[in-house]
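Visitor: First, the structure itself, so that you have it in front of you.
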Amino acid sequence: MSAPPVVDLPIEDERLAQDVANGLAAVEKLLRSSVESEDAFVTEASKHLIEAGGKRFRTLMVLLAAQFGDPSAPGVVPGAVVIELTHLGSLYHDDVMDEAPVRRGSPSANARWDNTVAILTGDYLFAQASDLLADLGPELIRIQAQTFSRLVQGQIRETIGPRADEDPIAHYLSVLSDKTGSLIAASGRFGALLSGAPADVEERLSRACEAIGVAWQLGDDLLDVASTGAQSGKTPGTDLREGVKTLPVLYALAVGDSPRLTALLSGPVAEEDVEEALTLLRAHSGMARARAELDAWVDRARDDISGLPDIPAKDAFLALCDYVVQRSG
């Protein structure tokens, strides 16, 4: 009998599942205590998104990667908290930029309070992450700095959009690598480094985790078009309503073989046109091309994972690759 699912991933090895569950509990405890402040309001605002939940996907990557060394090494849990705080801090800022009213089923911080509170709370979480990071050594500090640089550059490039001479599809994929893939890559690298895994394992895990992160986001792109609300728990066509040009949309626009679809996708899709746009896009070759791109990123991850030592965590990473493909439909 397999162990219960952890972060939506069924881990077949019961000992590994228990190790990961214990690690997740330890991370959650330190995550909450690390944002405690003498100021009650700062604590409340900082815990707002922590208490809203989340998959702790990046934490899982750290804990699985640590299995290739000593998973009980003292830096593993703090390292996972650094990654999670960085991710959470970026969400506070994202919600301000996107003017998002909801995050994880709860009012976003900017909606509950205001933009200034949300921005400063994100900054506070970054500061708390740095405080924990200071005890993990200069190599981890450098990796975090380089990762944060990629995150910010990805966000800037997404905001500005592709240059006139730049392929929009290549631009989009590079933004995903920086904005989404980089922190998940750092998760794998943190777990490997802090557990004392060999250098070649660290490199493989970093590359594989980045590829998984990009593929996960591409899966979200597909789900926004292909799924029903009951399947995904999200409202289909959200990206279309917001005028976000995801990969299926970019492929459809690049082909340009449907004047009506091209016209609909030229900007935010009006509510009364969303169903038509979804129907046309679902039948378009852009969907198949986007799926092929997702498969290619997953194959990159599998190639690196295949060279890892044969331990249960390797099987868990391979199962995660399968899951990323399956969840996209």
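FYI, nothing fancy with the structure tokens labels: chains A, B, ... in order, residues from 1 per chain, ligands from 1 as they appear.
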If you run DSSP on this backbone, which residues of region 152-270 of chain A come out as helix (DSSP H, G or I), and could you give them as a PyMOL selection string?

Guide: chain A and resi 152-160+168-195+199-226+229-232+238-242+247-255+259-264

Visitor: Show me, as JSON lines, the residues of region 230-314 of chain A having an atom within 10 Å of region 173-195 of chain A, each with the closest atom pair and its distance in Å, using only C-alpha atoms.

Guide:
```
{"residue": "A:Thr246", "atom": "CA", "partner": "A:Leu173", "partner_atom": "CA", "distance": 9.7}
{"residue": "A:Leu247", "atom": "CA", "partner": "A:Leu173", "partner_atom": "CA", "distance": 8.3}
{"residue": "A:Glu293", "atom": "CA", "partner": "A:Leu173", "partner_atom": "CA", "distance": 9.7}
```

Visitor: Since we have the selection now, will you write its residues out, keeping C-alpha atoms, as a short mmCIF file (atom, residue, chain, number, x, y, z; two decimals), in the first residue's frame?

Guide:
```
data_model
loop_
_atom_site.label_atom_id
_atom_site.label_comp_id
_atom_site.auth_asym_id
_atom_site.auth_seq_id
_atom_site.Cartn_x
_atom_site.Cartn_y
_atom_site.Cartn_z
CA THR A 246 0.30 32.34 -22.62
CA LEU A 247 2.05 29.79 -24.83
CA GLU A 293 6.80 22.16 -25.44
#
```

Visitor: Between CA of Val96 (chain A) and CA of Asp123 (chain A), what is the distance in Å, rounded to a tenth?

Guide: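 Atom-to-atom, CA of Val96 (chain A) to CA of Asp123 (chain A), that is 12.8 Å.
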
Visitor: I want to know what sits within 12 Å of Asp220 (chain A), based on only C-alpha atoms, with residues of the same chain fewer than 3 positions away left out; could you give that as number ranges by chain?

Guide: A: 176, 213-217, 223-227, 232-239, 246-248, 290-291, 294, 324-329

Visitor: Pull N, CA and C atoms from the residues just selected and write them as a PDB file, in the first residue's frame.

Guide:
```
ATOM      1  N   LEU A 176       9.600  32.544 -18.222  1.00  0.00           N
ATOM      2  CA  LEU A 176       9.209  31.446 -17.332  1.00  0.00           C
ATOM      3  C   LEU A 176      10.426  30.846 -16.635  1.00  0.00           C
ATOM      4  N   GLY A 213       9.849  23.141 -13.097  1.00  0.00           N
ATOM      5  CA  GLY A 213       9.157  24.394 -12.799  1.00  0.00           C
ATOM      6  C   GLY A 213       8.571  25.039 -14.041  1.00  0.00           C
ATOM      7  N   VAL A 214       9.338  25.062 -15.122  1.00  0.00           N
ATOM      8  CA  VAL A 214       8.832  25.638 -16.368  1.00  0.00           C
ATOM      9  C   VAL A 214       7.671  24.796 -16.892  1.00  0.00           C
ATOM     10  N   ALA A 215       7.844  23.464 -16.849  1.00  0.00           N
ATOM     11  CA  ALA A 215       6.783  22.572 -17.328  1.00  0.00           C
ATOM     12  C   ALA A 215       5.507  22.748 -16.504  1.00  0.00           C
ATOM     13  N   TRP A 216       5.650  22.933 -15.206  1.00  0.00           N
ATOM     14  CA  TRP A 216       4.482  23.137 -14.336  1.00  0.00           C
ATOM     15  C   TRP A 216       3.704  24.379 -14.775  1.00  0.00           C
ATOM     16  N   GLN A 217       4.408  25.468 -15.061  1.00  0.00           N
ATOM     17  CA  GLN A 217       3.740  26.692 -15.485  1.00  0.00           C
ATOM     18  C   GLN A 217       3.083  26.511 -16.851  1.00  0.00           C
ATOM     19  N   LEU A 223      -4.122  24.263 -18.779  1.00  0.00           N
ATOM     20  CA  LEU A 223      -5.320  24.082 -17.953  1.00  0.00           C
ATOM     21  C   LEU A 223      -6.259  25.275 -18.060  1.00  0.00           C
ATOM     22  N   ASP A 224      -5.700  26.468 -18.203  1.00  0.00           N
ATOM     23  CA  ASP A 224      -6.541  27.658 -18.287  1.00  0.00           C
ATOM     24  C   ASP A 224      -7.424  27.625 -19.529  1.00  0.00           C
ATOM     25  N   VAL A 225      -6.973  26.888 -20.546  1.00  0.00           N
ATOM     26  CA  VAL A 225      -7.749  26.777 -21.779  1.00  0.00           C
ATOM     27  C   VAL A 225      -8.578  25.496 -21.802  1.00  0.00           C
ATOM     28  N   ALA A 226      -7.946  24.374 -21.452  1.00  0.00           N
ATOM     29  CA  ALA A 226      -8.547  23.070 -21.719  1.00  0.00           C
ATOM     30  C   ALA A 226      -9.479  22.564 -20.627  1.00  0.00           C
ATOM     31  N   SER A 227      -9.278  23.010 -19.384  1.00  0.00           N
ATOM     32  CA  SER A 227     -10.022  22.395 -18.290  1.00  0.00           C
ATOM     33  C   SER A 227     -11.392  23.027 -18.106  1.00  0.00           C
ATOM     34  N   SER A 232     -10.202  21.727 -12.613  1.00  0.00           N
ATOM     35  CA  SER A 232      -9.012  22.427 -12.137  1.00  0.00           C
ATOM     36  C   SER A 232      -9.227  23.220 -10.863  1.00  0.00           C
ATOM     37  N   GLY A 233     -10.497  23.487 -10.512  1.00  0.00           N
ATOM     38  CA  GLY A 233     -10.766  24.337  -9.361  1.00  0.00           C
ATOM     39  C   GLY A 233     -10.561  25.808  -9.656  1.00  0.00           C
ATOM     40  N   LYS A 234     -10.275  26.134 -10.919  1.00  0.00           N
ATOM     41  CA  LYS A 234     -10.074  27.518 -11.322  1.00  0.00           C
ATOM     42  C   LYS A 234     -11.050  27.848 -12.451  1.00  0.00           C
ATOM     43  N   THR A 235     -11.273  29.121 -12.677  1.00  0.00           N
ATOM     44  CA  THR A 235     -12.160  29.544 -13.743  1.00  0.00           C
ATOM     45  C   THR A 235     -11.424  29.497 -15.067  1.00  0.00           C
ATOM     46  N   PRO A 236     -11.867  28.672 -16.026  1.00  0.00           N
ATOM     47  CA  PRO A 236     -11.185  28.627 -17.333  1.00  0.00           C
ATOM     48  C   PRO A 236     -11.227  29.984 -18.013  1.00  0.00           C
ATOM     49  N   GLY A 237     -10.178  30.301 -18.753  1.00  0.00           N
ATOM     50  CA  GLY A 237     -10.132  31.556 -19.492  1.00  0.00           C
ATOM     51  C   GLY A 237      -9.706  32.757 -18.684  1.00  0.00           C
ATOM     52  N   THR A 238      -9.211  32.532 -17.480  1.00  0.00           N
ATOM     53  CA  THR A 238      -8.774  33.667 -16.645  1.00  0.00           C
ATOM     54  C   THR A 238      -7.684  34.476 -17.344  1.00  0.00           C
ATOM     55  N   ASP A 239      -6.707  33.781 -17.926  1.00  0.00           N
ATOM     56  CA  ASP A 239      -5.621  34.482 -18.633  1.00  0.00           C
ATOM     57  C   ASP A 239      -6.164  35.257 -19.828  1.00  0.00           C
ATOM     58  N   THR A 246      -0.407  33.554 -23.004  1.00  0.00           N
ATOM     59  CA  THR A 246       0.303  32.336 -22.619  1.00  0.00           C
ATOM     60  C   THR A 246       0.750  31.591 -23.872  1.00  0.00           C
ATOM     61  N   LEU A 247       1.430  30.467 -23.681  1.00  0.00           N
ATOM     62  CA  LEU A 247       2.047  29.791 -24.827  1.00  0.00           C
ATOM     63  C   LEU A 247       1.032  29.351 -25.891  1.00  0.00           C
ATOM     64  N   PRO A 248      -0.105  28.722 -25.537  1.00  0.00           N
ATOM     65  CA  PRO A 248      -1.063  28.366 -26.593  1.00  0.00           C
ATOM     66  C   PRO A 248      -1.534  29.581 -27.393  1.00  0.00           C
ATOM     67  N   ALA A 290       1.887  23.645 -27.689  1.00  0.00           N
ATOM     68  CA  ALA A 290       2.187  23.978 -26.298  1.00  0.00           C
ATOM     69  C   ALA A 290       2.388  22.711 -25.474  1.00  0.00           C
ATOM     70  N   ARG A 291       1.572  21.679 -25.746  1.00  0.00           N
ATOM     71  CA  ARG A 291       1.754  20.396 -25.049  1.00  0.00           C
ATOM     72  C   ARG A 291       3.111  19.787 -25.389  1.00  0.00           C
ATOM     73  N   LEU A 294       5.729  21.514 -23.352  1.00  0.00           N
ATOM     74  CA  LEU A 294       5.708  21.004 -21.977  1.00  0.00           C
ATOM     75  C   LEU A 294       6.417  19.651 -21.909  1.00  0.00           C
ATOM     76  N   VAL A 324       3.302  16.063 -13.604  1.00  0.00           N
ATOM     77  CA  VAL A 324       3.244  17.353 -14.305  1.00  0.00           C
ATOM     78  C   VAL A 324       2.582  17.186 -15.674  1.00  0.00           C
ATOM     79  N   VAL A 325       2.901  16.090 -16.342  1.00  0.00           N
ATOM     80  CA  VAL A 325       2.279  15.819 -17.650  1.00  0.00           C
ATOM     81  C   VAL A 325       0.801  15.506 -17.485  1.00  0.00           C
ATOM     82  N   GLN A 326       0.479  14.643 -16.532  1.00  0.00           N
ATOM     83  CA  GLN A 326      -0.900  14.176 -16.356  1.00  0.00           C
ATOM     84  C   GLN A 326      -1.839  15.310 -15.931  1.00  0.00           C
ATOM     85  N   ARG A 327      -1.359  16.207 -15.045  1.00  0.00           N
ATOM     86  CA  ARG A 327      -2.237  17.261 -14.541  1.00  0.00           C
ATOM     87  C   ARG A 327      -2.639  18.251 -15.625  1.00  0.00           C
ATOM     88  N   SER A 328      -1.834  18.325 -16.693  1.00  0.00           N
ATOM     89  CA  SER A 328      -2.141  19.260 -17.772  1.00  0.00           C
ATOM     90  C   SER A 328      -3.219  18.734 -18.706  1.00  0.00           C
ATOM     91  N   GLY A 329      -3.611  17.476 -18.486  1.00  0.00           N
ATOM     92  CA  GLY A 329      -4.677  16.898 -19.291  1.00  0.00           C
ATOM     93  C   GLY A 329      -4.171  16.246 -20.549  1.00  0.00           C
TER      94      GLY A 329
END
```

Visitor: Can you tell me, as a PyMOL selection string, what residues are no more than 7 Å from region 310-314 of chain A when counting only C-alpha atoms, ignoring any on the same chain fewer than 5 positions away?

Guide: chain A and resi 13+16+64+67+305

Visitor: Using N, CA and C atoms, can you write the selected residues to a file as an mmCIF file, in the first residue's frame?

Guide:
```
data_model
loop_
_atom_site.group_PDB
_atom_site.id
_atom_site.type_symbol
_atom_site.label_atom_id
_atom_site.label_comp_id
_atom_site.auth_asym_id
_atom_site.auth_seq_id
_atom_site.Cartn_x
_atom_site.Cartn_y
_atom_site.Cartn_z
ATOM 1 N N ASP A 13 7.383 5.026 -1.568
ATOM 2 C CA ASP A 13 8.213 4.525 -0.475
ATOM 3 C C ASP A 13 7.740 5.132 0.845
ATOM 4 N N LEU A 16 10.335 7.252 2.856
ATOM 5 C CA LEU A 16 10.557 8.560 2.240
ATOM 6 C C LEU A 16 9.360 9.471 2.490
ATOM 7 N N LEU A 64 13.191 16.613 -1.081
ATOM 8 C CA LEU A 64 13.513 15.466 -1.933
ATOM 9 C C LEU A 64 14.973 15.515 -2.373
ATOM 10 N N GLN A 67 17.552 14.224 0.066
ATOM 11 C CA GLN A 67 17.654 12.775 0.231
ATOM 12 C C GLN A 67 18.916 12.214 -0.428
ATOM 13 N N ILE A 305 17.392 13.463 -14.210
ATOM 14 C CA ILE A 305 17.017 12.592 -13.091
ATOM 15 C C ILE A 305 17.505 11.166 -13.317
#
```

Visitor: With a distance cut-off of 10 Å and only C-alpha atoms, select the neighbouring residues of Phe317 (chain A), excluding the residue or stretch itself and same-chain residues fewer than 2 positions from it, and output the selection as JSON, numbers by chain.

Guide: {"A": [9, 11, 61, 64, 65, 205, 208, 209, 212, 301, 302, 305, 306, 312, 313, 314, 315, 319, 320, 321, 322, 323]}

Visitor: Limited to C-alpha atoms, could you put the picked residues into a file as a PDB file, in the first residue's frame?

Guide:
```pdb
ATOM      1  CA  LEU A   9       2.419  13.670  -5.179  1.00  0.00           C
ATOM      2  CA  ILE A  11       5.273   8.826  -2.776  1.00  0.00           C
ATOM      3  CA  MET A  61      11.868  20.052  -3.917  1.00  0.00           C
ATOM      4  CA  LEU A  64      13.513  15.466  -1.933  1.00  0.00           C
ATOM      5  CA  ALA A  65      16.860  16.849  -3.139  1.00  0.00           C
ATOM      6  CA  LEU A 205      18.954  18.379  -9.468  1.00  0.00           C
ATOM      7  CA  ALA A 208      15.873  19.053 -13.425  1.00  0.00           C
ATOM      8  CA  CYS A 209      14.011  21.231 -10.934  1.00  0.00           C
ATOM      9  CA  ILE A 212      10.000  20.836 -13.869  1.00  0.00           C
ATOM     10  CA  ALA A 301      14.111  16.884 -16.392  1.00  0.00           C
ATOM     11  CA  ARG A 302      13.890  13.120 -16.847  1.00  0.00           C
ATOM     12  CA  ILE A 305      17.017  12.592 -13.091  1.00  0.00           C
ATOM     13  CA  SER A 306      17.935   9.359 -14.877  1.00  0.00           C
ATOM     14  CA  PRO A 312      13.496   6.294  -3.539  1.00  0.00           C
ATOM     15  CA  ALA A 313      13.828  10.059  -4.040  1.00  0.00           C
ATOM     16  CA  LYS A 314      14.831   9.436  -7.662  1.00  0.00           C
ATOM     17  CA  ASP A 315      11.594   7.524  -8.204  1.00  0.00           C
ATOM     18  CA  ALA A 319       6.758  10.346 -10.524  1.00  0.00           C
ATOM     19  CA  LEU A 320       6.621  14.129 -10.279  1.00  0.00           C
ATOM     20  CA  CYS A 321       7.543  14.375 -13.968  1.00  0.00           C
ATOM     21  CA  ASP A 322       4.650  12.040 -14.789  1.00  0.00           C
ATOM     22  CA  TYR A 323       2.337  14.072 -12.579  1.00  0.00           C
TER      23      TYR A 323
END
```

Visitor: Hey, what does DSSP flag as strand (DSSP E) within region 46-219 of chain A? Can you give it to me as a PyMOL selection string?

Guide: chain A and resi 102-103+106-107

Visitor: Those residues you just picked out, can you put them in a file as a short mmCIF file (atom, residue, chain, number, x, y, z; two decimals), in the first residue's frame with C-alpha atoms?

Guide:
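What ended up in result-v8.cif:
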```
data_model
loop_
_atom_site.label_atom_id
_atom_site.label_comp_id
_atom_site.auth_asym_id
_atom_site.auth_seq_id
_atom_site.Cartn_x
_atom_site.Cartn_y
_atom_site.Cartn_z
CA VAL A 102 -7.65 37.12 -4.21
CA ARG A 103 -4.72 34.84 -3.42
CA SER A 106 -8.46 34.57 0.53
CA PRO A 107 -8.36 38.33 0.00
#
```

Visitor: Which value, in Å to one decimal, gives the distance between CA of His87 (chain A) and CA of Arg58 (chain A)?

Guide: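 Straight-line distance from CA of His87 (chain A) to CA of Arg58 (chain A) works out to 8.4 Å.
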
Visitor: Between A:Ala52, A:Ala288, A:Ala127, A:Leu63, which has the minimum distance to Val77 (chain A) (counting only C-alpha atoms)?

Guide: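 Closest to Val77 (chain A) of all the choices is A:Leu63.
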
Visitor: Which distance in Å separates CA of Asn115 (chain A) and CA of Asp94 (chain A), to one decimal?

Guide: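 Taking CA of Asn115 (chain A) as the start and CA of Asp94 (chain A) as the end point, the length is 10.7 Å.
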
Visitor: If we count only C-alpha atoms and set the cut-off at 12 Å, which residues sit around Thr43 (chain A), ignoring sequence neighbours fewer than 3 positions away in its own chain? Please answer as a list in words.

Guide: Leu31, Arg32, Ser33, Ser34, Val35, Glu36, Ser37, Glu38, Asp39, Ala40, Ser46, Lys47, His48, Leu49, Ile50, Glu51, Thr121, Tyr124, Leu125 and Gln128 of chain A

Visitor: Limited to N, CA and C atoms, could you put the picked residues into a file as a compact mmCIF listing (two decimals), in the first residue's frame?

Guide:
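The resulting part-v6.txt:
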```
# COMPACT_ATOMS: atom_id res chain seq x y z
N LEU A 31 8.81 28.31 9.53
CA LEU A 31 8.28 29.35 8.66
C LEU A 31 7.43 30.34 9.45
N ARG A 32 6.57 29.81 10.30
CA ARG A 32 5.69 30.67 11.09
C ARG A 32 6.46 31.46 12.15
N SER A 33 7.40 30.80 12.80
CA SER A 33 8.15 31.50 13.85
C SER A 33 9.10 32.54 13.27
N SER A 34 9.55 32.33 12.04
CA SER A 34 10.53 33.24 11.44
C SER A 34 9.94 34.60 11.07
N VAL A 35 8.61 34.69 11.00
CA VAL A 35 7.99 35.97 10.64
C VAL A 35 7.39 36.68 11.86
N GLU A 36 7.57 36.08 13.04
CA GLU A 36 7.08 36.72 14.26
C GLU A 36 7.81 38.04 14.48
N SER A 37 7.06 39.06 14.84
CA SER A 37 7.63 40.38 15.09
C SER A 37 7.08 40.91 16.41
N GLU A 38 7.82 41.85 17.01
CA GLU A 38 7.30 42.51 18.21
C GLU A 38 6.06 43.34 17.88
N ASP A 39 5.93 43.70 16.61
CA ASP A 39 4.76 44.46 16.16
C ASP A 39 3.69 43.48 15.71
N ALA A 40 2.56 43.48 16.38
CA ALA A 40 1.50 42.51 16.09
C ALA A 40 0.98 42.64 14.66
N SER A 46 2.35 39.37 7.80
CA SER A 46 3.33 38.40 7.31
C SER A 46 2.77 36.99 7.27
N LYS A 47 1.89 36.68 8.22
CA LYS A 47 1.31 35.34 8.26
C LYS A 47 0.07 35.20 7.37
N HIS A 48 -0.33 36.29 6.75
CA HIS A 48 -1.56 36.29 5.96
C HIS A 48 -1.54 35.21 4.88
N LEU A 49 -0.47 35.17 4.09
CA LEU A 49 -0.39 34.18 3.02
C LEU A 49 0.07 32.82 3.53
N ILE A 50 0.85 32.79 4.60
CA ILE A 50 1.25 31.51 5.17
C ILE A 50 0.01 30.74 5.61
N GLU A 51 -0.90 31.44 6.28
CA GLU A 51 -2.09 30.78 6.80
C GLU A 51 -3.12 30.49 5.71
N THR A 121 5.34 44.30 3.39
CA THR A 121 5.31 42.95 3.97
C THR A 121 6.17 42.01 3.15
N TYR A 124 9.64 42.65 4.08
CA TYR A 124 9.94 42.08 5.40
C TYR A 124 10.24 40.59 5.28
N LEU A 125 9.48 39.87 4.47
CA LEU A 125 9.74 38.44 4.29
C LEU A 125 11.10 38.20 3.64
N GLN A 128 13.64 38.60 6.37
CA GLN A 128 13.67 37.45 7.28
C GLN A 128 14.37 36.26 6.62
```

Visitor: With a distance cut-off of 6 Å and only C-alpha atoms, select the neighbouring residues of Pro162 (chain A), excluding the residue or stretch itself and same-chain residues fewer than 3 positions from it, and output the selection as a ChimeraX atom specification.

Guide: /A:166,168,171

Visitor: Keeping C-alpha atoms for every residue in the selection just given, could you write it to a file as a PDB file, in the first residue's frame?

Guide:
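The file below, result_31.pdb, is the result:
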```pdb
ATOM      1  CA  GLU A 166      12.598  39.316 -30.371  1.00  0.00           C
ATOM      2  CA  PRO A 168       7.590  36.419 -28.502  1.00  0.00           C
ATOM      3  CA  HIS A 171      10.805  35.656 -24.822  1.00  0.00           C
TER       4      HIS A 171
END
```
